[in-house]
Structure formats: structure tokens, C-alpha cells
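To start, the structure under review is shown below, and the notes come after it.
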Amino acid sequence: MPSTTTSKVSRWDQHGREHVVRVQKSTIQRLLTCDTCGWRKTAQFLPWLKAEEHLAEEHQATVDPSA
């Protein structure tokens with residue numbers, strides 16, 4: 001059974017709420033799952049960019065907490 005690793009992309013919206021998309025890696029594909037709305041998508045390339053785009057478009061969450 002292949003090992004699964006998980007990372008996350010988190011952004012804050014203008015109301016101070018945190019929104020998180022988890023990126024699970026197993027084999028070549030990565031599964032993106034939004035904790036806020038349940039959105040799911042598979043991605044082979046640039047999964048973190050796709051996660052950031054979802055957060056910006058669907059939740060207006062653009063503030064990077066690490067910046």
C-alpha cells in the first residue's frame with residue numbers, strides 16, 4: 001500500500017476566517033479537499049496553485065498567514 005502524505009494550503013478572508021484546502025499525495029495524483037465547503041478535485045500538476053485559486057475564487061480568502 002503506498003504511503004499517503006498530507007499538506008495544507010490555508011488563507012484568510014476579509015472577515016478573519018481561515019479557509020483550508022488539504023492536499024493528499026498518494027502515487028502520482030493529488031487529492032484536494034476544502035475543509036470549508038467540501039470541494040474535491042484531483043490534480044497531477046500544480047495542486048497548491050489550484051488550491052490557492054479555489055480559496056480566492058470561492059471564499060475570497062487571499063491573505064497568506066505565512067507572509
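Ligands are numbered from 1 in the order shown, chains are lettered A, B, ... in the order of the C-alpha cells, and residues start at 1 in each chain.
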
>> Give me the residues near Val63 of chain A as an MDAnalysis selection string, where near means some atom within 12 Å (using only C-alpha atoms) and where sequence neighbours in that chain fewer than 2 positions away do not count.
In response: chainID A and resid 9:20 52 55:56 59:61 65:67

> So which residues touch segment 29-35 of chain A within 10 Å, counting only C-alpha atoms, skipping near sequence neighbours fewer than 2 positions away, as a VMD selection string?
Replying inline: chain A and resid 4 to 10 18 to 27 37 to 48 50 to 51 54 to 55

Among chain A, which residues does DSSP mark as strand (DSSP E) when it is run on the backbone? Keep the chain and numbering as in the structure and answer as a compact mmCIF listing (two decimals) with C-alpha atoms, in the first residue's frame.
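result26.txt was written with the following content:
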```
# COMPACT_ATOMS: atom_id res chain seq x y z
CA THR A 5 1.25 12.39 2.86
CA THR A 6 -0.90 15.41 3.57
CA SER A 7 -0.13 19.11 3.45
CA LYS A 8 -2.41 22.11 3.50
CA VAL A 9 -2.90 25.49 1.91
CA SER A 10 -4.56 28.00 4.22
CA ARG A 11 -5.72 31.52 3.51
CA TRP A 12 -7.75 34.07 5.47
CA GLU A 18 -9.37 30.74 7.98
CA HIS A 19 -10.07 28.52 4.97
CA VAL A 20 -8.03 25.37 4.37
CA VAL A 21 -7.56 23.07 1.39
CA ARG A 22 -5.79 19.83 2.24
CA VAL A 23 -3.52 18.25 -0.38
CA GLN A 24 -3.16 14.48 -0.07
CA LYS A 25 -0.48 12.77 -2.08
CA ARG A 30 -3.01 14.53 -5.51
CA LEU A 31 -6.44 14.92 -3.97
CA LEU A 32 -7.50 18.44 -2.97
CA THR A 33 -10.23 18.77 -0.33
CA CYS A 34 -11.63 22.04 1.00
CA ARG A 40 -12.82 17.95 -4.04
CA LYS A 41 -10.56 17.74 -7.07
CA THR A 42 -7.70 15.59 -8.26
CA ALA A 43 -4.62 17.22 -9.70
```
